[in-house]
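Participant: Quick one: this structure, given as structure tokens, is what I'll be asking you about.
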Amino acid sequence: MRKHFIKALACSAALSIGVTAAGSVFAQDTLEDVMKARGLTQKDVLAAAKTYVPTGGRDEFIAVSSGGQSGQIFLYGIPSMRILKYIGVFTPEPWQGYGFDDESKAVLHAGNLINDNRITFGDTHHPAISETNGEYDGEYVFINDKANPRLAVIDMKDFETKQIVINPIMSSEHGGAFVSPNTDYIIEATQYPAPLNRKYTPLSKFNEEYRGAVTYWKFNREKGRIDVDASFSLELPPYSQDLSDFGKGPSDGWTLTNSFCSERYVGGIEKGRPPFEAGCSQKDTDFVHMINWKRAIEIVKEGKAEKINGHNVIMMKTAIKEGILFLIPEPKSPHGVDVSPDGKFFIVSGKLDTHASVYSFEKIFKLIKDKDYAGRDPYGIPILDLKKSLHLQLSVGLGPLHTQYDSKPCTVYTSIYVDSQVTKWDYCKGKVLDTINIHYNIGHLMTMEGDSVKPKGKYLVALNKLAIDRFNPVGPLHPQNHQLIDISGDKMQLLYDMPVPLGEPHYAVAIKADKLKPKVRYKLGWNSRKDRKSKYRTRPGREKVVRKDGVVHVYGTLIRSHITPEIIEVEEGETVSIHMTNVERAQDETHGFAIYGHNVNLSVEPGKTASATFKVKNPGVYPYYCTEFCSALHLEMEGILLVRPKGMKATKIKFQEGQVYTEADFKKQVKTNIATQGVIDSVVKFITERNYKDFPTVVGLVEDAVEQLGFAAESKKKAEDFAAKKDWQNATLWAQQWFQYQVKTADMGLRAKTYLEQNGAKKVTK
Ligand code: CUK
Ligand code: CUA
């Protein structure tokens, strides 16, 4: 192993001299050969070239997608469609320790106790990225849970879930999460009506006591958390509210929420009544609700809201009296409501119709100003006239659902569910420009930053509900299918199919990758879920065990390749609280921490402190170890939790040494170390002779390498001290430890060197 390593180092050092980009031995195939062998057409190769991101390369956009019933979200790159990460949101995620360490359990448990049940799934629908002046700013992601009305906050600095808030009045929701142009509020709207006080109410009182609602969650940007007490809701009729959007520019201050089943039908197929789907499709139109939310904030401040379940709710009668709530008819069973980038129009589709309807805010505002109403609904809410509100309607295909905007003016894309296609059209003039077939049954679709004030165009992703025959069969439950489409030209071109293996990903949003500025590491001893220093943070050398208030607190550290402490001894029945701090500074040096039989599984990224508190019920021997293959001696990153039977005395530990070392062993190890130092020196020379300070990545690696070299020096000193006392056993063991730190130093040095070679570093002459 060691010899191997030294050889590799030496080789690499030699290679750096002169040999660059030699003619590849792999290049004997021509493009034609490969096309023939794999049966690829010119079109395939062109599509491949448009999506391929070379090894080590980066994507231009990052998509944040709902993970459907998994209760997660996931990230992938565009155009490569490479999945980057799954993020635990409403459900535990073991890799990230989410729902396993005390810190993340606090987040998850604050938002999953509903009806006295711990909810362990989520039906995530619509992610939203925070905005500043209507543009994506890459700071936060919000996502809703349709099944158990909740909203989660994810910080894009570390892509961790920071908060889950439970909706205080809804029993079903759908129209969230969508953000106001400066992310001061996030909207969440009901789906299926229910009494807002959550009391049993017979269906005979449906019209009088069942209700819909919209909740405006107040977001505190400085804290990065939703302020529950400053949030409020507005009572709505028991129509099934659907999707929502915020106005912007000239329509800033208003929100839209559409609906279906304004028939207020209650079903009852088992009693011989026509089913929901028939009863809810009787009328030719349903309603989009238009709400003046900026005025609503004032109304709450004026004390005109009522408390339901301790939460401020503006009742319908107040909203009508104050003139902040209006209804506009929309064609049969509408879906999707999408405000244009300039905020002058919004587009609604009719699922049972072929039309997309473009509404004009200018016309609507005039109708409101003139009190020009077409009538009132049974609750007294003013209804505006459909025709007078419309800019135009266009037949775009059967079953239109959602609309996304292009960077090109007046250009939009609408998903067509029944016909399984995307229609590109001009919403200013009302003209179809192009259609493309997708596979199969598209729901949402996403253009790059396509619901912001500045869409970026280029790509469109069709989020398809079914995959049917597009992938290798894997049983009756098929993956879903995200299809990448090139929209840069006049004609749409299908490029790539990506199977999605974790749930129905209703909606996704994509942001320009260079807007994201994620962390590399945490400040040492960080509680990442609370965004502050952990009171359990521990520095190397300060590890300790403290018994306090009946709890055994273990303050430990993790660094390649050891866990401190390596032995934890407690008594049966005690409560143990293990706090692990990863004291690495190196990029990507995450350590895990898992213990046999106690459901303890931490992910401790560099700088993080994570804790696991549990009761040891049974005496026994419980090995623990690091779960990330973090270094050559990762398997040795281990320890033992000893649980003594009650009343048994602790015995002094006498260790069995595996091998007895001699002076010769010590000298041999020192010789190896000196040779290794030579290689490190040559790498250091290579780096310092280059303009490495111009490369922040390399500067970071060098910092980490210097730190490891410091540890090497400490071990060297210990080895020499023991050698002076002729304690060859300890001297050799410390010399081996010294070598371990050298290996880590060299590893980072080589990574830095490779980076410089690949990124055109220049030689500097002094
Ligand atoms: S909904 Cu329209 S297809 Cu939940 Cu946004 Cu799924
Ligand atoms: Cu740390 Cu393996």
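Just remember, in the structure tokens the first chain shown is A, the second B, etc., residues are 1-based per chain, and ligands are 1-based in the order shown.
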Skipping near chain neighbours, those fewer than 3 positions away, what residues fall within 12 Å of A:Tyr265 using only C-alpha atoms, listed as an NGL selection string?
Facilitator: :A and (192-193 or 203-204 or 206-207 or 210 or 238-240 or 260-262 or 268-269 or 273-283)
Participant: Any chance you could export the current selection's N, CA and C atoms as an mmCIF file, in the first residue's frame?
Facilitator:
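Output file result.cif follows:
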```cif
data_model
loop_
_atom_site.group_PDB
_atom_site.id
_atom_site.type_symbol
_atom_site.label_atom_id
_atom_site.label_comp_id
_atom_site.auth_asym_id
_atom_site.auth_seq_id
_atom_site.Cartn_x
_atom_site.Cartn_y
_atom_site.Cartn_z
ATOM 1 N N TYR A 192 -58.769 20.893 -1.197
ATOM 2 C CA TYR A 192 -60.125 20.423 -0.878
ATOM 3 C C TYR A 192 -60.665 21.163 0.344
ATOM 4 N N PRO A 193 -61.897 21.680 0.227
ATOM 5 C CA PRO A 193 -62.452 22.463 1.333
ATOM 6 C C PRO A 193 -62.697 21.601 2.580
ATOM 7 N N LEU A 203 -71.726 17.009 6.076
ATOM 8 C CA LEU A 203 -71.663 17.525 4.703
ATOM 9 C C LEU A 203 -72.875 18.366 4.343
ATOM 10 N N SER A 204 -73.969 18.183 5.087
ATOM 11 C CA SER A 204 -75.158 19.011 4.821
ATOM 12 C C SER A 204 -74.855 20.491 5.071
ATOM 13 N N PHE A 206 -72.022 21.858 4.104
ATOM 14 C CA PHE A 206 -70.871 22.132 3.245
ATOM 15 C C PHE A 206 -70.812 23.600 2.816
ATOM 16 N N ASN A 207 -71.908 24.092 2.247
ATOM 17 C CA ASN A 207 -71.897 25.467 1.715
ATOM 18 C C ASN A 207 -71.689 26.524 2.794
ATOM 19 N N TYR A 210 -67.911 24.632 5.355
ATOM 20 C CA TYR A 210 -66.652 24.196 4.742
ATOM 21 C C TYR A 210 -66.046 25.406 4.034
ATOM 22 N N PRO A 238 -65.929 27.549 -0.428
ATOM 23 C CA PRO A 238 -65.546 26.143 -0.544
ATOM 24 C C PRO A 238 -65.494 25.663 -1.993
ATOM 25 N N TYR A 239 -64.800 26.448 -2.829
ATOM 26 C CA TYR A 239 -64.460 25.976 -4.165
ATOM 27 C C TYR A 239 -63.118 25.270 -3.966
ATOM 28 N N SER A 240 -62.747 24.358 -4.808
ATOM 29 C CA SER A 240 -61.438 23.718 -4.632
ATOM 30 C C SER A 240 -60.383 24.635 -5.223
ATOM 31 N N PHE A 260 -61.259 24.895 -9.054
ATOM 32 C CA PHE A 260 -62.162 24.046 -9.837
ATOM 33 C C PHE A 260 -63.287 23.649 -8.891
ATOM 34 N N CYS A 261 -64.287 22.994 -9.417
ATOM 35 C CA CYS A 261 -65.424 22.573 -8.586
ATOM 36 C C CYS A 261 -66.065 23.734 -7.832
ATOM 37 N N SER A 262 -66.245 24.836 -8.548
ATOM 38 C CA SER A 262 -67.002 25.924 -7.919
ATOM 39 C C SER A 262 -68.482 25.535 -7.822
ATOM 40 N N GLY A 268 -70.412 11.278 -3.536
ATOM 41 C CA GLY A 268 -71.299 10.289 -2.934
ATOM 42 C C GLY A 268 -71.661 9.190 -3.907
ATOM 43 N N ILE A 269 -70.684 8.732 -4.666
ATOM 44 C CA ILE A 269 -70.914 7.691 -5.685
ATOM 45 C C ILE A 269 -71.478 6.421 -5.041
ATOM 46 N N ARG A 273 -75.027 8.677 -6.172
ATOM 47 C CA ARG A 273 -74.901 10.005 -6.763
ATOM 48 C C ARG A 273 -73.779 10.012 -7.808
ATOM 49 N N PRO A 274 -73.868 10.907 -8.789
ATOM 50 C CA PRO A 274 -72.769 10.987 -9.759
ATOM 51 C C PRO A 274 -71.456 11.289 -9.030
ATOM 52 N N PRO A 275 -70.344 10.799 -9.529
ATOM 53 C CA PRO A 275 -69.072 10.977 -8.824
ATOM 54 C C PRO A 275 -68.583 12.428 -8.865
ATOM 55 N N PHE A 276 -67.564 12.699 -8.045
ATOM 56 C CA PHE A 276 -66.949 14.025 -7.984
ATOM 57 C C PHE A 276 -66.622 14.563 -9.387
ATOM 58 N N GLU A 277 -65.989 13.687 -10.187
ATOM 59 C CA GLU A 277 -65.483 14.194 -11.468
ATOM 60 C C GLU A 277 -66.605 14.715 -12.373
ATOM 61 N N ALA A 278 -67.818 14.105 -12.242
ATOM 62 C CA ALA A 278 -68.953 14.595 -13.037
ATOM 63 C C ALA A 278 -69.551 15.836 -12.396
ATOM 64 N N GLY A 279 -69.779 15.739 -11.084
ATOM 65 C CA GLY A 279 -70.418 16.855 -10.368
ATOM 66 C C GLY A 279 -69.583 18.114 -10.383
ATOM 67 N N CYS A 280 -68.270 17.955 -10.468
ATOM 68 C CA CYS A 280 -67.374 19.109 -10.431
ATOM 69 C C CYS A 280 -67.131 19.697 -11.820
ATOM 70 N N SER A 281 -67.787 19.149 -12.842
ATOM 71 C CA SER A 281 -67.531 19.645 -14.203
ATOM 72 C C SER A 281 -68.817 20.139 -14.866
ATOM 73 N N GLN A 282 -69.802 20.520 -14.058
ATOM 74 C CA GLN A 282 -71.097 20.902 -14.639
ATOM 75 C C GLN A 282 -71.054 22.273 -15.305
ATOM 76 N N LYS A 283 -70.436 23.217 -14.616
ATOM 77 C CA LYS A 283 -70.452 24.595 -15.127
ATOM 78 C C LYS A 283 -69.388 24.809 -16.204
#
```
Participant: Among stretch 130-282 of chain A, which residues does DSSP mark as helix (DSSP H, G or I) when it is run on the backbone? Keep the chain and numbering as in the structure and answer as a PyMOL selection string.
Facilitator: chain A and resi 203-209+249-251+269-271+276-279
Participant: Around ligand 2, out to 6 Å and counting only C-alpha atoms and all ligand atoms, which residues are there? I want them as a ChimeraX atom specification.
Facilitator: /A:560-561,591,626-630,634,637
Participant: Write the residues of the selection above to a file with C-alpha atoms, as a compact mmCIF listing (two decimals), in the first residue's frame.
Facilitator:
```txt
# COMPACT_ATOMS: atom_id res chain seq x y z
CA ARG A 560 -9.08 11.45 9.28
CA SER A 561 -8.76 8.72 10.42
CA HIS A 591 -17.34 11.86 8.30
CA CYS A 626 -17.34 6.40 10.32
CA THR A 627 -19.70 5.66 7.42
CA GLU A 628 -17.94 7.77 4.75
CA PHE A 629 -14.87 6.26 3.03
CA CYS A 630 -12.84 9.28 4.04
CA HIS A 634 -11.25 4.83 6.93
CA MET A 637 -12.03 5.04 11.93
```
Participant: Return the single residue from A:Gly620, A:Gly343, A:Gly253, A:Pro400 that is closest to ligand 1, with distances computed using only C-alpha atoms and all ligand atoms.
Facilitator: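 Nearest to ligand 1: A:Pro400.
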Participant: Taking the DSSP assignment computed from this structure's backbone, write out as a PyMOL selection string all residues of stretch 432-538 of chain A that belong to strand (DSSP E).
Facilitator: chain A and resi 432-437+442-448+457-464+480-486+493-500+508-512+526-527+532-533
Participant: Go through A:Lys317, A:Leu401, A:Tyr200, A:Met156 and flag the residue nearest A:Leu234, using only C-alpha atoms for the distances.
Facilitator: A:Lys317
Participant: What residues have any atom no more than 9 Å from ligand 1 when counting only C-alpha atoms and all ligand atoms, and can you list them as a list in words?
Facilitator: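 What falls inside 9 Å of ligand 1 is Thr124, His125, His126, Lys146, His174, Gly175, Gly176, Asp242, Leu243, His335, Gly336, Leu401, His402, Tyr417, Ile442, Gly443, His444, Leu445, Leu463, Asn464, Lys465, Glu504, Pro505, His506 and Tyr507 of chain A.
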Participant: Write the residues you've just listed into a file as an mmCIF file, in the first residue's frame, and include C-alpha atoms for each of them.
Facilitator:
```
data_model
loop_
_atom_site.group_PDB
_atom_site.id
_atom_site.type_symbol
_atom_site.label_atom_id
_atom_site.label_comp_id
_atom_site.auth_asym_id
_atom_site.auth_seq_id
_atom_site.Cartn_x
_atom_site.Cartn_y
_atom_site.Cartn_z
ATOM 1 C CA THR A 124 -44.282 17.861 -2.283
ATOM 2 C CA HIS A 125 -45.593 19.865 -5.236
ATOM 3 C CA HIS A 126 -44.166 23.288 -5.984
ATOM 4 C CA LYS A 146 -50.242 18.875 -0.422
ATOM 5 C CA HIS A 174 -52.058 22.755 -3.277
ATOM 6 C CA GLY A 175 -51.397 26.344 -4.347
ATOM 7 C CA GLY A 176 -47.953 26.799 -2.753
ATOM 8 C CA ASP A 242 -55.779 25.198 -7.053
ATOM 9 C CA LEU A 243 -52.644 27.066 -8.095
ATOM 10 C CA HIS A 335 -55.301 24.673 -14.044
ATOM 11 C CA GLY A 336 -52.245 26.833 -13.876
ATOM 12 C CA LEU A 401 -52.204 22.858 -17.985
ATOM 13 C CA HIS A 402 -49.251 25.094 -17.208
ATOM 14 C CA TYR A 417 -51.807 16.953 -21.016
ATOM 15 C CA ILE A 442 -46.920 16.200 -19.407
ATOM 16 C CA GLY A 443 -47.882 18.011 -16.219
ATOM 17 C CA HIS A 444 -45.779 21.026 -15.411
ATOM 18 C CA LEU A 445 -43.041 22.332 -17.629
ATOM 19 C CA LEU A 463 -42.173 17.042 -16.410
ATOM 20 C CA ASN A 464 -44.047 13.978 -17.555
ATOM 21 C CA LYS A 465 -46.357 11.942 -15.381
ATOM 22 C CA GLU A 504 -44.095 12.392 -8.899
ATOM 23 C CA PRO A 505 -42.088 15.558 -9.342
ATOM 24 C CA HIS A 506 -44.885 18.010 -10.018
ATOM 25 C CA TYR A 507 -42.884 21.112 -10.514
#
```
Participant: I need the residue nearest A:Lys301 from this list: A:Asn527, A:Thr201, A:Phe232, A:Ser360. Use only C-alpha atoms for the distance.
Facilitator: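 Of the candidates, the smallest distance to A:Lys301 is held by A:Phe232.
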Participant: Can you work out which one of A:Gly57, A:Asp229, A:Pro499, A:Lys744 has the shortest atom-to-atom distance to A:Gln758, counting only C-alpha atoms?
Facilitator: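 Using only C-alpha atoms, the shortest distance to A:Gln758 belongs to A:Gly57.
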Participant: With a distance cut-off of 8 Å and only C-alpha atoms, select the neighbouring residues of A:Val214, excluding the residue or stretch itself and same-chain residues fewer than 6 positions from it, and output the selection as a list in words.
Facilitator: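 Contacts, with the query itself left out: Ile187, Glu188, Ala189, Thr190, Ser233, Leu234, Glu235 and Leu236 of chain A.
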Participant: Pick out the residues sitting within 9 Å of A:Asn292, and hand them over as a list of chain:residue names; count only C-alpha atoms, and ignore anything fewer than 4 positions along from it in its own chain.
Facilitator: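 Once the nearby chain positions are removed, what remains is A:Gly253, A:Trp254, A:Thr255, A:Ala296, A:Gly323, A:Ile324, A:Leu325.
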Participant: Quick one, how far is atom CA of A:Lys307 from atom CA of A:Gln191?
Facilitator: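 Answer for the atom CA of A:Lys307 to atom CA of A:Gln191 separation: 21.3 Å.
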Participant: Just give me the gap between atom CA of A:Leu494 and atom CA of A:Ile438 in Å, one decimal is fine.
Facilitator: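 According to the coordinates, atom CA of A:Leu494 and atom CA of A:Ile438 are separated by 8.1 Å.
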Participant: Report as a Markdown table: every residue of stretch 257-293 of chain A with an atom at most 10 Å from stretch 369-392 of chain A, its closest pair of atoms, and their distance in Å to one decimal, counting only C-alpha atoms, with rows sorted by chain and ascending residue number.
Facilitator:
```
| residue | atom | partner | partner_atom | distance |
| --- | --- | --- | --- | --- |
| A:Ser262 | CA | A:Asp377 | CA | 9.9 |
| A:Thr285 | CA | A:Leu386 | CA | 9.4 |
| A:Phe287 | CA | A:Ile383 | CA | 8.6 |
| A:Val288 | CA | A:Ile383 | CA | 9.7 |
| A:His289 | CA | A:Ile383 | CA | 9.4 |
```
Participant: May I have the residues from that selection written out with N, CA, C and O atoms, as a PDB file, in the first residue's frame?
Facilitator:
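Produced file selection_30.pdb, reproduced below:
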```pdb
ATOM      1  N   SER A 262     -66.245  24.836  -8.548  1.00  0.00           N
ATOM      2  CA  SER A 262     -67.002  25.924  -7.919  1.00  0.00           C
ATOM      3  C   SER A 262     -68.482  25.535  -7.822  1.00  0.00           C
ATOM      4  O   SER A 262     -69.288  26.262  -7.268  1.00  0.00           O
ATOM      5  N   THR A 285     -67.614  27.480 -16.414  1.00  0.00           N
ATOM      6  CA  THR A 285     -66.503  28.263 -15.868  1.00  0.00           C
ATOM      7  C   THR A 285     -66.346  28.024 -14.369  1.00  0.00           C
ATOM      8  O   THR A 285     -67.306  27.669 -13.683  1.00  0.00           O
ATOM      9  N   PHE A 287     -63.634  29.877 -11.058  1.00  0.00           N
ATOM     10  CA  PHE A 287     -63.185  31.241 -10.733  1.00  0.00           C
ATOM     11  C   PHE A 287     -61.704  31.320 -10.398  1.00  0.00           C
ATOM     12  O   PHE A 287     -61.182  30.451  -9.694  1.00  0.00           O
ATOM     13  N   VAL A 288     -61.094  32.380 -10.871  1.00  0.00           N
ATOM     14  CA  VAL A 288     -59.793  32.733 -10.312  1.00  0.00           C
ATOM     15  C   VAL A 288     -60.071  33.797  -9.240  1.00  0.00           C
ATOM     16  O   VAL A 288     -60.876  34.703  -9.441  1.00  0.00           O
ATOM     17  N   HIS A 289     -59.449  33.604  -8.056  1.00  0.00           N
ATOM     18  CA  HIS A 289     -59.600  34.566  -6.959  1.00  0.00           C
ATOM     19  C   HIS A 289     -58.474  35.578  -7.075  1.00  0.00           C
ATOM     20  O   HIS A 289     -57.311  35.194  -7.209  1.00  0.00           O
TER      21      HIS A 289
END
```
Participant: Name the closest residue to A:Ala47 among the candidates A:Gln493, A:Glu663, A:Glu720, A:Leu756; distances are taken between atoms, counting only C-alpha atoms.
Facilitator: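 The closest residue to A:Ala47 is A:Gln493.
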Participant: Quick one: residues within 12 Å of A:Leu31, only C-alpha atoms, excluding same-chain residues fewer than 2 positions away - as a PDB file with N, CA and C atoms, in the first residue's frame?
Facilitator:
```
ATOM      1  N   ALA A  27      -8.306   7.211 -28.597  1.00  0.00           N
ATOM      2  CA  ALA A  27      -8.876   7.936 -29.724  1.00  0.00           C
ATOM      3  C   ALA A  27      -8.799   7.181 -31.038  1.00  0.00           C
ATOM      4  N   GLN A  28      -8.669   5.844 -30.941  1.00  0.00           N
ATOM      5  CA  GLN A  28      -8.617   5.107 -32.190  1.00  0.00           C
ATOM      6  C   GLN A  28      -9.968   5.023 -32.893  1.00  0.00           C
ATOM      7  N   ASP A  29     -11.059   5.149 -32.072  1.00  0.00           N
ATOM      8  CA  ASP A  29     -12.386   5.176 -32.683  1.00  0.00           C
ATOM      9  C   ASP A  29     -12.600   6.537 -33.337  1.00  0.00           C
ATOM     10  N   ASP A  33     -17.262   5.575 -36.373  1.00  0.00           N
ATOM     11  CA  ASP A  33     -17.220   4.209 -35.827  1.00  0.00           C
ATOM     12  C   ASP A  33     -18.207   4.066 -34.674  1.00  0.00           C
ATOM     13  N   VAL A  34     -18.161   5.046 -33.770  1.00  0.00           N
ATOM     14  CA  VAL A  34     -19.008   4.969 -32.574  1.00  0.00           C
ATOM     15  C   VAL A  34     -20.487   5.069 -32.967  1.00  0.00           C
ATOM     16  N   MET A  35     -20.790   5.967 -33.888  1.00  0.00           N
ATOM     17  CA  MET A  35     -22.182   6.118 -34.327  1.00  0.00           C
ATOM     18  C   MET A  35     -22.707   4.816 -34.916  1.00  0.00           C
ATOM     19  N   LYS A  36     -21.848   4.176 -35.703  1.00  0.00           N
ATOM     20  CA  LYS A  36     -22.260   2.937 -36.354  1.00  0.00           C
ATOM     21  C   LYS A  36     -22.459   1.826 -35.313  1.00  0.00           C
ATOM     22  N   ALA A  37     -21.448   1.700 -34.428  1.00  0.00           N
ATOM     23  CA  ALA A  37     -21.511   0.634 -33.429  1.00  0.00           C
ATOM     24  C   ALA A  37     -22.723   0.778 -32.512  1.00  0.00           C
ATOM     25  N   ARG A  38     -23.096   2.023 -32.191  1.00  0.00           N
ATOM     26  CA  ARG A  38     -24.190   2.227 -31.242  1.00  0.00           C
ATOM     27  C   ARG A  38     -25.515   2.563 -31.939  1.00  0.00           C
ATOM     28  N   GLY A  39     -25.511   2.576 -33.263  1.00  0.00           N
ATOM     29  CA  GLY A  39     -26.744   2.842 -34.002  1.00  0.00           C
ATOM     30  C   GLY A  39     -27.276   4.255 -33.808  1.00  0.00           C
ATOM     31  N   LEU A  40     -26.388   5.239 -33.722  1.00  0.00           N
ATOM     32  CA  LEU A  40     -26.806   6.619 -33.495  1.00  0.00           C
ATOM     33  C   LEU A  40     -26.932   7.375 -34.815  1.00  0.00           C
ATOM     34  N   THR A  41     -27.956   8.234 -34.879  1.00  0.00           N
ATOM     35  CA  THR A  41     -28.128   9.070 -36.066  1.00  0.00           C
ATOM     36  C   THR A  41     -27.404  10.405 -35.853  1.00  0.00           C
ATOM     37  N   GLN A  42     -27.302  11.171 -36.922  1.00  0.00           N
ATOM     38  CA  GLN A  42     -26.751  12.535 -36.852  1.00  0.00           C
ATOM     39  C   GLN A  42     -27.478  13.359 -35.799  1.00  0.00           C
ATOM     40  N   VAL A  45     -26.513  12.446 -32.286  1.00  0.00           N
ATOM     41  CA  VAL A  45     -25.186  12.954 -31.932  1.00  0.00           C
ATOM     42  C   VAL A  45     -25.236  14.458 -31.661  1.00  0.00           C
ATOM     43  N   LEU A  46     -26.055  15.137 -32.423  1.00  0.00           N
ATOM     44  CA  LEU A  46     -26.223  16.572 -32.206  1.00  0.00           C
ATOM     45  C   LEU A  46     -26.856  16.820 -30.834  1.00  0.00           C
ATOM     46  N   ALA A  49     -24.338  16.152 -28.162  1.00  0.00           N
ATOM     47  CA  ALA A  49     -23.364  17.248 -28.046  1.00  0.00           C
ATOM     48  C   ALA A  49     -23.967  18.446 -27.312  1.00  0.00           C
TER      49      ALA A  49
END
```
Participant: Which distance in Å separates atom CA of A:Val107 and atom CA of A:Leu516, to one decimal?
Facilitator: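 If I compute the distance from atom CA of A:Val107 to atom CA of A:Leu516, I get 23.8 Å.
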Participant: Rank A:Thr411, A:Ser357, A:Tyr624, A:Lys533 by their smallest atom-to-atom distance to A:Val396, using only C-alpha atoms, and report the top residue only.
Facilitator: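 Of the candidates, the smallest distance to A:Val396 is held by A:Ser357.
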Participant: Neighbours of A:His478 within 12 Å (only C-alpha atoms; same-chain residues fewer than 6 positions away dropped), as a list in words?
Facilitator: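 Counting only the stated atoms, we get Asn464, Lys465, Leu466, Ala467, Ile468, Asp469, Arg470, Phe471, Asn472, Pro499, Val500, Pro501, Leu502, Gly503 and Glu504 of chain A.
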